[in-house]
Amino acid sequence: MKRIGKMLVIFFILTGVLALAADVVTIKYANWNLGTPEENNVERQMIQAFMDTHPNIKVVIDDSIKGDWNASLAAAAAAGTMPDVFMLTTVPDALANGWLYDLTKTVATDPDWSKIPSNITSTIKYNGKVSAIPFAMHFMGYFMNKDIFTSENIAPLKFNYTTTQFKNAVLRLTKHSKGIVGLSEEIQVFEWYPASVSFKFGFYTFDGKKFNLDSQEFIDGFNLAKSFVKAGAVYSALTDEQKTAIAGSPSADGWATGHIALNYNGTWMVPDYKKNLSFAWDFVGIPGGRTILVLDYLGISKSTKHIKEAYEFAKWMSFSKQGYLKRLELAKKSNTILTTPPLMNDAELVDKYQANVDVPGLKEAYRNIGRAIVEGFKFVPGYAQARWNAPTGIKIGDKTNASIGDVLWNGTKMDLKIEDIAKQLNDLANQKYQEALKAIK
């Protein structure tokens with residue numbers, strides 16, 4: 001009888017183990033930021049930490065998605081082998097291809113979703129449906145060389161500075177004889193300028209329904225950029241001889257060597273700046289108390305059989321409090337700076353992020369995150385065509401049919417009257433937007 005009793009105990013234990021094993025759900029994940037197993041970077045450590053805390057979910061990295069990302073995903077979709085969760089090159093591309101699960105009902109039952117600022121979540125609403133998950137966020141705007149301002153007896157810019165203060169600083173801090181130049185590049189000015197003087201515009205004049213390249217604000221921004229070039233206040237537009245005279249070599253990094261007062265870049269550069277810059281610096285966003293957000297997005301496959309588990313994993317990797325705290329912990333262990341601010345506006349997370357990066361201007365940027373504008377490439381339909389690739393029929397230099405990008409890039413460096421072609425550019429940009437929008441309806 002004792003033998004039978006022991007066998008029954010073993011039987012029930014094995015039955016329980018098998019039942020637990022049967023309850024384990026496997027989901028596939030594809031991202032281009034995972035490195036190699038040998039490197040075991042933070043992203044892979046995050047995956048392992050998720051599985052450690054969610055024993056009912058096994059995450060398998062899908063290495064078949066690589067190279068040309070969209071082509072690889074398309075091949076997987078055709079073969080019926082789509083990963084459950086995957087990084088998106090752009091949300092509109094994924095929607096047009098029919099890859100994405102409608103997350104509207106899923107996020108509606110998640111109280112944490114409402115803690116993400118609405119100017120972020122609004123970027124992934126198409127036809128009233130939530131189509132993706134914000135994965136990571138970066139701030140973009142101007143970094144300021146405080147030493148140059150101080151040495152020239154000009155008060156350093158503070159967050160919420162005006163466009164007039166910006167213009168004055170760029171021009172007053174351009175003194176080639178002293179080896180200083182006001183601005184790194186001019187090409188971004190007309191992208192952010194309209195939003196800095198009017199809250200009806202987003203990045204590159206997009207207002208949620210259309211581009212406004214024929215607006216006076218865009219024209220003013222373009223002409224401001226052109227005036228900086230003409231004044232010799234833009235380092236990237238200087239001749240090789242001028243760069244050599246200022247920084248010692250035409251290939252010298254004018255910002256890193258301390259010759260540029262205001263440098264446009266993103267917070268992904270913070271670790272490098274902290275390690276390598278020999279001067280005092282800070283982040284000041286763009287004029288008008290605003291900053292620019294650059295977002296990455298995750299998609300969940302329309303064909304997933306495990307939406308609950310896929311969403312839980314995607315949330316962990318992106319905006320959940322527990323996931324972000326784990327990222328901070330892993331960053332601390334590896335003695336690195338976590339450059340991505342928390343997507344969820346939670347006081348504890350924000351404080352821990354600020355302590356990790358220790359850049360005063362980023363505190364102000366986050367404090368004003370509700371006023372931020374989002375760079376449009378990854379969420380505005382047709383953005384790449386509207387901003388860079390669409391041919392215009394306009395002759396620029398030796399290009400008889402220059403793209404929008406060529407026109408805008410070269411136009412600030414030559415005597416181009418943007419007023420004469422603004423409507424033409426705007427019509428073309430909105431045509432490309434409407435074409436791409438129709439593809440996702």
# chains A, B, ... in the order shown; residues from 1 in each chain; ligands from 1

$ closest_atom_pairs --of "stretch 93-189 of chain A" --to "stretch 358-376 of chain A" --cutoff "10 Å" --atoms "only C-alpha atoms" --output "CSV"
residue,atom,partner,partner_atom,distance
A:Pro117,CA,A:Gly370,CA,6.5
A:Ser118,CA,A:Gly370,CA,7.7
A:Asn119,CA,A:Gly370,CA,6.7
A:Ile120,CA,A:Val374,CA,7.5
A:Thr123,CA,A:Val374,CA,8.1
A:Met137,CA,A:Val374,CA,9.8
A:His138,CA,A:Val374,CA,9.9
A:Phe139,CA,A:Ala365,CA,7.9
A:Met140,CA,A:Glu375,CA,9.0
A:Gly141,CA,A:Ala365,CA,9.9
A:Phe143,CA,A:Gly361,CA,9.0
A:Met144,CA,A:Gly361,CA,9.9
A:Lys158,CA,A:Gly361,CA,7.9
A:Phe159,CA,A:Glu364,CA,6.6
A:Asn160,CA,A:Glu364,CA,9.0

$ residues_around --residues "stretch 188-199 of chain A" --least-positions-apart "6" --cutoff "6 Å" --atoms "only C-alpha atoms" --output "PDB file with N, CA and C atoms, in the first residue's frame"
ATOM      1  N   GLU A 217       4.911  80.981 -41.165  1.00  0.00           N
ATOM      2  CA  GLU A 217       5.840  80.494 -40.139  1.00  0.00           C
ATOM      3  C   GLU A 217       6.940  79.628 -40.749  1.00  0.00           C
ATOM      4  N   PHE A 218       6.578  78.762 -41.705  1.00  0.00           N
ATOM      5  CA  PHE A 218       7.594  77.942 -42.361  1.00  0.00           C
ATOM      6  C   PHE A 218       8.528  78.809 -43.196  1.00  0.00           C
ATOM      7  N   GLY A 221      10.904  80.568 -40.947  1.00  0.00           N
ATOM      8  CA  GLY A 221      11.920  79.659 -40.433  1.00  0.00           C
ATOM      9  C   GLY A 221      12.983  79.349 -41.464  1.00  0.00           C
ATOM     10  N   PHE A 222      12.557  79.143 -42.698  1.00  0.00           N
ATOM     11  CA  PHE A 222      13.505  78.880 -43.774  1.00  0.00           C
ATOM     12  C   PHE A 222      14.417  80.085 -43.993  1.00  0.00           C
ATOM     13  N   ALA A 225      17.016  80.390 -41.282  1.00  0.00           N
ATOM     14  CA  ALA A 225      18.116  79.448 -41.514  1.00  0.00           C
ATOM     15  C   ALA A 225      19.052  79.977 -42.592  1.00  0.00           C
ATOM     16  N   PRO A 287      13.343  76.775 -28.988  1.00  0.00           N
ATOM     17  CA  PRO A 287      12.633  77.939 -28.448  1.00  0.00           C
ATOM     18  C   PRO A 287      11.157  77.649 -28.183  1.00  0.00           C
ATOM     19  N   GLY A 288      10.582  78.461 -27.301  1.00  0.00           N
ATOM     20  CA  GLY A 288       9.164  78.334 -27.004  1.00  0.00           C
ATOM     21  C   GLY A 288       8.852  77.354 -25.890  1.00  0.00           C
TER      22      GLY A 288
END

$ atom_distance --atom1 "atom CA of A:Ala310" --atom2 "atom CA of A:Thr81"
15.1 Å

$ atom_distance --atom1 "atom CA of A:Met46" --atom2 "atom CA of A:Pro111"
22.6 Å

$ select_by_dssp --residues "stretch 360-440 of chain A" --states "helix (DSSP H, G or I)" --output "compact mmCIF listing (two decimals) with all heavy atoms, in the first residue's frame"
# COMPACT_ATOMS: atom_id res chain seq x y z
N PRO A 360 20.74 69.07 -16.13
CA PRO A 360 19.67 69.97 -15.66
C PRO A 360 18.60 70.26 -16.71
O PRO A 360 17.40 70.25 -16.40
CB PRO A 360 20.43 71.24 -15.26
CG PRO A 360 21.79 70.74 -14.87
CD PRO A 360 22.08 69.61 -15.81
N GLY A 361 19.00 70.55 -17.94
CA GLY A 361 18.03 70.90 -18.96
C GLY A 361 17.06 69.79 -19.27
O GLY A 361 15.92 70.05 -19.68
N LEU A 362 17.47 68.54 -19.08
CA LEU A 362 16.57 67.42 -19.34
C LEU A 362 15.46 67.35 -18.31
O LEU A 362 14.37 66.85 -18.58
CB LEU A 362 17.35 66.11 -19.39
CG LEU A 362 18.26 65.96 -20.61
CD1 LEU A 362 19.04 64.66 -20.55
CD2 LEU A 362 17.45 66.02 -21.91
N LYS A 363 15.73 67.87 -17.12
CA LYS A 363 14.66 67.95 -16.11
C LYS A 363 13.57 68.90 -16.59
O LYS A 363 12.37 68.61 -16.48
CB LYS A 363 15.23 68.44 -14.77
CG LYS A 363 16.22 67.49 -14.13
CD LYS A 363 16.75 68.06 -12.82
CE LYS A 363 17.79 67.12 -12.21
NZ LYS A 363 18.33 67.66 -10.94
N GLU A 364 13.99 70.03 -17.14
CA GLU A 364 13.02 70.99 -17.66
C GLU A 364 12.29 70.43 -18.88
O GLU A 364 11.09 70.66 -19.05
CB GLU A 364 13.73 72.30 -18.04
CG GLU A 364 14.24 73.08 -16.85
CD GLU A 364 13.12 73.48 -15.91
OE1 GLU A 364 12.06 73.94 -16.40
OE2 GLU A 364 13.28 73.32 -14.69
N ALA A 365 13.02 69.70 -19.71
CA ALA A 365 12.39 69.12 -20.90
C ALA A 365 11.29 68.15 -20.50
O ALA A 365 10.19 68.17 -21.07
CB ALA A 365 13.44 68.40 -21.74
N TYR A 366 11.56 67.33 -19.48
CA TYR A 366 10.54 66.38 -19.06
C TYR A 366 9.38 67.10 -18.36
O TYR A 366 8.22 66.72 -18.51
CB TYR A 366 11.13 65.32 -18.13
CG TYR A 366 10.33 64.03 -18.20
CD1 TYR A 366 10.79 62.96 -18.95
CD2 TYR A 366 9.10 63.93 -17.58
CE1 TYR A 366 10.05 61.80 -19.05
CE2 TYR A 366 8.34 62.77 -17.68
CZ TYR A 366 8.82 61.71 -18.42
OH TYR A 366 8.07 60.57 -18.53
N ARG A 367 9.70 68.15 -17.64
CA ARG A 367 8.66 68.91 -16.95
C ARG A 367 7.69 69.52 -17.96
O ARG A 367 6.52 69.74 -17.66
CB ARG A 367 9.32 70.00 -16.11
CG ARG A 367 8.51 70.47 -14.91
CD ARG A 367 9.33 71.36 -14.02
NE ARG A 367 10.21 70.58 -13.16
CZ ARG A 367 11.49 70.88 -12.90
NH1 ARG A 367 12.04 71.94 -13.45
NH2 ARG A 367 12.20 70.13 -12.10
N ILE A 369 6.99 68.11 -20.98
CA ILE A 369 6.80 67.10 -22.01
C ILE A 369 5.44 67.22 -22.70
O ILE A 369 5.28 66.87 -23.88
CB ILE A 369 7.00 65.68 -21.43
CG1 ILE A 369 7.21 64.68 -22.57
CG2 ILE A 369 5.85 65.28 -20.52
CD1 ILE A 369 7.71 63.34 -22.13
N GLY A 370 4.47 67.76 -22.01
CA GLY A 370 3.16 67.94 -22.63
C GLY A 370 3.16 68.93 -23.77
O GLY A 370 2.23 68.94 -24.60
N ARG A 371 4.20 69.76 -23.84
CA ARG A 371 4.31 70.75 -24.91
C ARG A 371 5.24 70.29 -26.03
O ARG A 371 5.49 71.02 -26.99
CB ARG A 371 4.82 72.08 -24.34
CG ARG A 371 3.95 72.63 -23.22
CD ARG A 371 4.64 73.80 -22.52
NE ARG A 371 4.68 74.99 -23.34
CZ ARG A 371 5.34 76.10 -23.02
NH1 ARG A 371 6.01 76.15 -21.88
NH2 ARG A 371 5.32 77.14 -23.81
N TYR A 383 5.70 60.49 -44.73
CA TYR A 383 6.62 61.52 -44.25
C TYR A 383 7.93 61.53 -45.02
O TYR A 383 8.44 62.61 -45.37
CB TYR A 383 6.91 61.33 -42.76
CG TYR A 383 7.75 62.45 -42.17
CD1 TYR A 383 7.14 63.60 -41.68
CD2 TYR A 383 9.14 62.37 -42.14
CE1 TYR A 383 7.89 64.64 -41.17
CE2 TYR A 383 9.91 63.41 -41.62
CZ TYR A 383 9.28 64.53 -41.14
OH TYR A 383 10.03 65.57 -40.64
N ALA A 384 8.50 60.38 -45.29
CA ALA A 384 9.80 60.33 -45.98
C ALA A 384 9.71 60.98 -47.35
O ALA A 384 10.63 61.69 -47.78
CB ALA A 384 10.28 58.89 -46.10
N GLN A 385 8.60 60.76 -48.05
CA GLN A 385 8.40 61.40 -49.34
C GLN A 385 8.19 62.91 -49.18
O GLN A 385 8.76 63.72 -49.91
CB GLN A 385 7.19 60.78 -50.05
CG GLN A 385 7.41 59.39 -50.57
CD GLN A 385 8.34 59.36 -51.77
OE1 GLN A 385 8.26 60.22 -52.65
NE2 GLN A 385 9.23 58.38 -51.79
N ALA A 386 7.37 63.28 -48.20
CA ALA A 386 7.03 64.69 -48.00
C ALA A 386 8.21 65.52 -47.53
O ALA A 386 8.27 66.73 -47.81
CB ALA A 386 5.88 64.82 -47.00
N ARG A 387 9.14 64.90 -46.83
CA ARG A 387 10.27 65.65 -46.29
C ARG A 387 11.54 65.53 -47.13
O ARG A 387 12.31 66.48 -47.23
CB ARG A 387 10.57 65.17 -44.85
CG ARG A 387 11.85 65.76 -44.23
CD ARG A 387 11.77 67.27 -44.11
NE ARG A 387 13.02 67.83 -43.61
CZ ARG A 387 14.07 68.16 -44.35
NH1 ARG A 387 14.03 67.97 -45.68
NH2 ARG A 387 15.15 68.69 -43.81
N TRP A 388 11.75 64.37 -47.75
CA TRP A 388 13.04 64.15 -48.42
C TRP A 388 12.95 63.68 -49.87
O TRP A 388 13.65 64.20 -50.73
CB TRP A 388 13.85 63.11 -47.65
CG TRP A 388 14.22 63.52 -46.27
CD1 TRP A 388 15.03 64.57 -45.89
CD2 TRP A 388 13.77 62.92 -45.05
NE1 TRP A 388 15.11 64.63 -44.53
CE2 TRP A 388 14.36 63.64 -43.98
CE3 TRP A 388 12.95 61.83 -44.76
CZ2 TRP A 388 14.13 63.31 -42.65
CZ3 TRP A 388 12.72 61.50 -43.43
CH2 TRP A 388 13.30 62.23 -42.39
N ASN A 389 12.12 62.68 -50.16
CA ASN A 389 12.33 61.90 -51.38
C ASN A 389 11.52 62.30 -52.61
O ASN A 389 11.92 61.99 -53.73
CB ASN A 389 12.04 60.41 -51.09
CG ASN A 389 12.94 59.87 -49.99
OD1 ASN A 389 14.05 60.34 -49.79
ND2 ASN A 389 12.46 58.85 -49.28
N ILE A 404 12.46 67.08 -52.69
CA ILE A 404 12.15 68.08 -51.67
C ILE A 404 13.36 68.25 -50.74
O ILE A 404 13.72 69.38 -50.38
CB ILE A 404 10.91 67.68 -50.85
CG1 ILE A 404 9.64 67.85 -51.69
CG2 ILE A 404 10.79 68.53 -49.58
CD1 ILE A 404 8.35 67.55 -50.94
N GLY A 405 13.97 67.15 -50.35
CA GLY A 405 15.13 67.23 -49.46
C GLY A 405 16.27 68.02 -50.07
O GLY A 405 16.91 68.83 -49.39
N ASP A 406 16.53 67.79 -51.36
CA ASP A 406 17.60 68.53 -52.05
C ASP A 406 17.27 70.02 -52.11
O ASP A 406 18.16 70.87 -51.91
CB ASP A 406 17.77 67.99 -53.48
CG ASP A 406 18.47 66.64 -53.51
OD1 ASP A 406 19.25 66.36 -52.58
OD2 ASP A 406 18.22 65.88 -54.46
N VAL A 407 16.02 70.35 -52.41
CA VAL A 407 15.62 71.75 -52.51
C VAL A 407 15.84 72.45 -51.18
O VAL A 407 16.43 73.55 -51.11
CB VAL A 407 14.15 71.88 -52.96
CG1 VAL A 407 13.68 73.33 -52.83
CG2 VAL A 407 14.00 71.41 -54.39
N LEU A 408 15.37 71.83 -50.09
CA LEU A 408 15.47 72.47 -48.78
C LEU A 408 16.91 72.51 -48.28
O LEU A 408 17.34 73.49 -47.67
CB LEU A 408 14.57 71.76 -47.78
CG LEU A 408 13.07 71.82 -48.09
CD1 LEU A 408 12.27 71.00 -47.10
CD2 LEU A 408 12.58 73.27 -48.10
N TRP A 409 17.66 71.44 -48.53
CA TRP A 409 19.07 71.40 -48.09
C TRP A 409 19.90 72.46 -48.80
O TRP A 409 20.67 73.19 -48.17
CB TRP A 409 19.64 70.01 -48.34
CG TRP A 409 21.11 69.91 -48.09
CD1 TRP A 409 22.12 69.97 -49.01
CD2 TRP A 409 21.76 69.77 -46.82
NE1 TRP A 409 23.35 69.86 -48.40
CE2 TRP A 409 23.15 69.73 -47.05
CE3 TRP A 409 21.29 69.66 -45.51
CZ2 TRP A 409 24.09 69.60 -46.03
CZ3 TRP A 409 22.22 69.52 -44.48
CH2 TRP A 409 23.60 69.49 -44.75
N ASN A 410 19.76 72.54 -50.09
CA ASN A 410 20.57 73.48 -50.86
C ASN A 410 20.01 74.89 -50.86
O ASN A 410 20.75 75.86 -51.02
CB ASN A 410 20.71 72.98 -52.31
CG ASN A 410 21.55 71.72 -52.41
OD1 ASN A 410 22.76 71.75 -52.24
ND2 ASN A 410 20.89 70.60 -52.68
N GLY A 411 18.69 75.00 -50.68
CA GLY A 411 18.05 76.30 -50.75
C GLY A 411 18.52 77.27 -49.69
O GLY A 411 18.55 78.48 -49.92
N ILE A 418 12.12 81.01 -51.09
CA ILE A 418 11.20 79.96 -50.68
C ILE A 418 9.74 80.39 -50.90
O ILE A 418 8.87 79.56 -51.17
CB ILE A 418 11.44 79.58 -49.20
CG1 ILE A 418 10.67 78.31 -48.83
CG2 ILE A 418 11.05 80.73 -48.28
CD1 ILE A 418 11.18 77.06 -49.50
N GLU A 419 9.49 81.70 -50.87
CA GLU A 419 8.14 82.21 -51.08
C GLU A 419 7.59 81.82 -52.45
O GLU A 419 6.38 81.62 -52.61
CB GLU A 419 8.11 83.73 -50.95
CG GLU A 419 8.50 84.27 -49.58
CD GLU A 419 10.00 84.48 -49.42
OE1 GLU A 419 10.79 83.88 -50.20
OE2 GLU A 419 10.39 85.25 -48.52
N ASP A 420 8.49 81.71 -53.43
CA ASP A 420 8.06 81.43 -54.80
C ASP A 420 7.67 79.97 -55.01
O ASP A 420 6.93 79.66 -55.95
CB ASP A 420 9.18 81.79 -55.79
CG ASP A 420 9.47 83.29 -55.83
OD1 ASP A 420 8.61 84.05 -55.36
OD2 ASP A 420 10.55 83.66 -56.30
N ILE A 421 8.16 79.08 -54.15
CA ILE A 421 7.91 77.65 -54.38
C ILE A 421 7.22 76.98 -53.19
O ILE A 421 6.97 75.77 -53.22
CB ILE A 421 9.22 76.89 -54.68
CG1 ILE A 421 10.21 77.06 -53.52
CG2 ILE A 421 9.83 77.38 -55.99
CD1 ILE A 421 11.43 76.15 -53.64
N ALA A 422 6.90 77.75 -52.15
CA ALA A 422 6.33 77.16 -50.93
C ALA A 422 5.02 76.42 -51.22
O ALA A 422 4.80 75.30 -50.72
CB ALA A 422 6.10 78.24 -49.88
N LYS A 423 4.16 76.99 -52.02
CA LYS A 423 2.88 76.33 -52.33
C LYS A 423 3.11 75.05 -53.12
O LYS A 423 2.45 74.03 -52.87
CB LYS A 423 1.96 77.27 -53.11
CG LYS A 423 0.57 76.66 -53.33
CD LYS A 423 -0.36 77.59 -54.08
CE LYS A 423 -1.78 77.01 -54.16
NZ LYS A 423 -1.80 75.64 -54.74
N GLN A 424 4.03 75.09 -54.05
CA GLN A 424 4.35 73.90 -54.84
C GLN A 424 4.86 72.77 -53.94
O GLN A 424 4.43 71.62 -54.06
CB GLN A 424 5.40 74.24 -55.90
CG GLN A 424 5.80 73.05 -56.77
CD GLN A 424 6.87 73.43 -57.78
OE1 GLN A 424 7.18 74.61 -57.99
NE2 GLN A 424 7.47 72.43 -58.41
N LEU A 425 5.76 73.11 -53.02
CA LEU A 425 6.28 72.11 -52.09
C LEU A 425 5.18 71.59 -51.17
O LEU A 425 5.10 70.38 -50.88
CB LEU A 425 7.42 72.70 -51.25
CG LEU A 425 8.68 73.14 -51.99
CD1 LEU A 425 9.71 73.66 -51.00
CD2 LEU A 425 9.27 72.00 -52.82
N ASN A 426 4.33 72.49 -50.72
CA ASN A 426 3.26 72.10 -49.81
C ASN A 426 2.26 71.17 -50.50
O ASN A 426 1.82 70.17 -49.92
CB ASN A 426 2.53 73.34 -49.29
CG ASN A 426 1.58 73.02 -48.16
OD1 ASN A 426 1.98 72.49 -47.13
ND2 ASN A 426 0.30 73.33 -48.35
N ASP A 427 1.89 71.49 -51.73
CA ASP A 427 0.96 70.64 -52.47
C ASP A 427 1.55 69.24 -52.66
O ASP A 427 0.84 68.23 -52.53
CB ASP A 427 0.64 71.25 -53.84
CG ASP A 427 -0.23 72.49 -53.73
OD1 ASP A 427 -0.81 72.72 -52.63
OD2 ASP A 427 -0.33 73.24 -54.72
N LEU A 428 2.83 69.19 -52.97
CA LEU A 428 3.50 67.91 -53.19
C LEU A 428 3.57 67.10 -51.89
O LEU A 428 3.28 65.90 -51.87
CB LEU A 428 4.90 68.15 -53.74
CG LEU A 428 5.74 66.90 -54.01
CD1 LEU A 428 5.05 65.98 -55.01
CD2 LEU A 428 7.13 67.30 -54.51
N ALA A 429 3.95 67.77 -50.81
CA ALA A 429 4.04 67.08 -49.51
C ALA A 429 2.69 66.50 -49.10
O ALA A 429 2.61 65.35 -48.65
CB ALA A 429 4.56 68.05 -48.45
N ASN A 430 1.63 67.28 -49.28
CA ASN A 430 0.30 66.80 -48.89
C ASN A 430 -0.24 65.74 -49.84
O ASN A 430 -1.01 64.86 -49.43
CB ASN A 430 -0.67 67.98 -48.78
CG ASN A 430 -0.47 68.73 -47.48
OD1 ASN A 430 -0.52 68.17 -46.40
ND2 ASN A 430 -0.21 70.03 -47.59
N GLN A 431 0.18 65.79 -51.09
CA GLN A 431 -0.19 64.72 -52.03
C GLN A 431 0.41 63.40 -51.55
O GLN A 431 -0.29 62.36 -51.54
CB GLN A 431 0.34 65.06 -53.43
CG GLN A 431 0.12 63.95 -54.45
CD GLN A 431 0.90 64.19 -55.73
OE1 GLN A 431 1.19 65.32 -56.10
NE2 GLN A 431 1.25 63.10 -56.41
N LYS A 432 1.68 63.42 -51.15
CA LYS A 432 2.33 62.20 -50.69
C LYS A 432 1.72 61.71 -49.37
O LYS A 432 1.60 60.51 -49.13
CB LYS A 432 3.83 62.43 -50.52
CG LYS A 432 4.55 62.76 -51.83
CD LYS A 432 4.32 61.67 -52.86
CE LYS A 432 4.95 61.98 -54.20
NZ LYS A 432 4.62 60.94 -55.24
N TYR A 433 1.33 62.64 -48.54
CA TYR A 433 0.66 62.28 -47.29
C TYR A 433 -0.67 61.59 -47.57
O TYR A 433 -0.98 60.53 -46.99
CB TYR A 433 0.45 63.53 -46.43
CG TYR A 433 -0.47 63.31 -45.25
CD1 TYR A 433 -0.11 62.48 -44.20
CD2 TYR A 433 -1.72 63.95 -45.21
CE1 TYR A 433 -0.97 62.27 -43.13
CE2 TYR A 433 -2.57 63.74 -44.13
CZ TYR A 433 -2.19 62.90 -43.10
OH TYR A 433 -3.04 62.71 -42.04
N GLN A 434 -1.47 62.16 -48.46
CA GLN A 434 -2.78 61.59 -48.76
C GLN A 434 -2.64 60.21 -49.44
O GLN A 434 -3.44 59.30 -49.14
CB GLN A 434 -3.56 62.53 -49.67
CG GLN A 434 -4.07 63.78 -48.98
CD GLN A 434 -5.07 63.47 -47.86
OE1 GLN A 434 -5.80 62.46 -47.92
NE2 GLN A 434 -5.11 64.32 -46.84
N GLU A 435 -1.66 60.07 -50.30
CA GLU A 435 -1.45 58.76 -50.94
C GLU A 435 -1.13 57.70 -49.91
O GLU A 435 -1.67 56.57 -49.96
CB GLU A 435 -0.30 58.86 -51.96
CG GLU A 435 -0.66 59.66 -53.21
CD GLU A 435 0.54 59.88 -54.12
OE1 GLU A 435 1.67 59.48 -53.75
OE2 GLU A 435 0.35 60.49 -55.18
N ALA A 436 -0.25 58.02 -48.97
CA ALA A 436 0.12 57.06 -47.94
C ALA A 436 -1.02 56.81 -46.96
O ALA A 436 -1.22 55.70 -46.47
CB ALA A 436 1.36 57.56 -47.18
N LEU A 437 -1.81 57.86 -46.70
CA LEU A 437 -2.95 57.72 -45.79
C LEU A 437 -3.99 56.76 -46.37
O LEU A 437 -4.57 55.93 -45.65
CB LEU A 437 -3.57 59.11 -45.55
CG LEU A 437 -4.64 59.20 -44.46
CD1 LEU A 437 -4.04 58.86 -43.09
CD2 LEU A 437 -5.24 60.61 -44.43
N LYS A 438 -4.24 56.87 -47.66
CA LYS A 438 -5.22 55.98 -48.31
C LYS A 438 -4.78 54.53 -48.23
O LYS A 438 -5.62 53.62 -48.17
CB LYS A 438 -5.40 56.39 -49.77
CG LYS A 438 -6.18 57.69 -49.96
CD LYS A 438 -6.26 58.07 -51.43
CE LYS A 438 -6.98 59.41 -51.59
NZ LYS A 438 -6.99 59.85 -53.03
N ALA A 439 -3.48 54.30 -48.22
CA ALA A 439 -2.96 52.93 -48.20
C ALA A 439 -3.23 52.22 -46.88
O ALA A 439 -3.20 51.00 -46.81
CB ALA A 439 -1.45 52.94 -48.47

$ atom_distance --atom1 "atom CA of A:Gly80" --atom2 "atom CA of A:Lys305"
12.2 Å

$ residues_around --residues "A:Gly323" --least-positions-apart "4" --cutoff "10 Å" --atoms "only C-alpha atoms" --output "list in words"
Met46, Ile47, Ala49, Phe50, Phe313, Ala314, Lys315, Trp316, Met317, Ser318, Phe319, Arg327, Leu328, Glu329 and Pro342 of chain A

$ write_last_selection --atoms "C-alpha atoms" --output "short mmCIF file (atom, residue, chain, number, x, y, z; two decimals), in the first residue's frame"
data_model
loop_
_atom_site.label_atom_id
_atom_site.label_comp_id
_atom_site.auth_asym_id
_atom_site.auth_seq_id
_atom_site.Cartn_x
_atom_site.Cartn_y
_atom_site.Cartn_z
CA MET A 46 15.58 42.66 -20.17
CA ILE A 47 14.10 39.67 -21.99
CA ALA A 49 14.36 39.40 -16.57
CA PHE A 50 10.86 39.32 -18.06
CA PHE A 313 5.93 41.52 -22.87
CA ALA A 314 5.78 44.55 -25.18
CA LYS A 315 4.74 46.70 -22.24
CA TRP A 316 7.63 45.39 -20.12
CA MET A 317 10.14 46.26 -22.83
CA SER A 318 8.67 49.72 -23.38
CA PHE A 319 6.58 51.69 -20.89
CA ARG A 327 16.36 49.02 -17.11
CA LEU A 328 17.64 51.49 -14.54
CA GLU A 329 18.95 48.64 -12.41
CA PRO A 342 10.46 56.92 -19.12
#

$ select_by_dssp --residues "stretch 143-344 of chain A" --states "strand (DSSP E)" --output "ChimeraX atom specification"
/A:143-145,181-183,260-266,281-285,292-300

$ closest_residue --among "A:Tyr126, A:Met51, A:Leu103, A:Asp62" --to "A:Lys209" --atoms "only C-alpha atoms"
A:Tyr126

$ closest_residue --among "A:Ala30, A:Val91, A:Val85, A:Ile307" --to "A:Ile61" --atoms "only C-alpha atoms"
A:Ala30

$ closest_residue --among "A:Ser177, A:Asn401, A:Thr36, A:Ser131" --to "A:Thr106" --atoms "only C-alpha atoms"
A:Ser131

$ residues_around --residues "A:Asn276" --least-positions-apart "5" --cutoff "12 Å" --atoms "only C-alpha atoms" --output "MDAnalysis selection string"
chainID A and resid 255:258 269:271 281
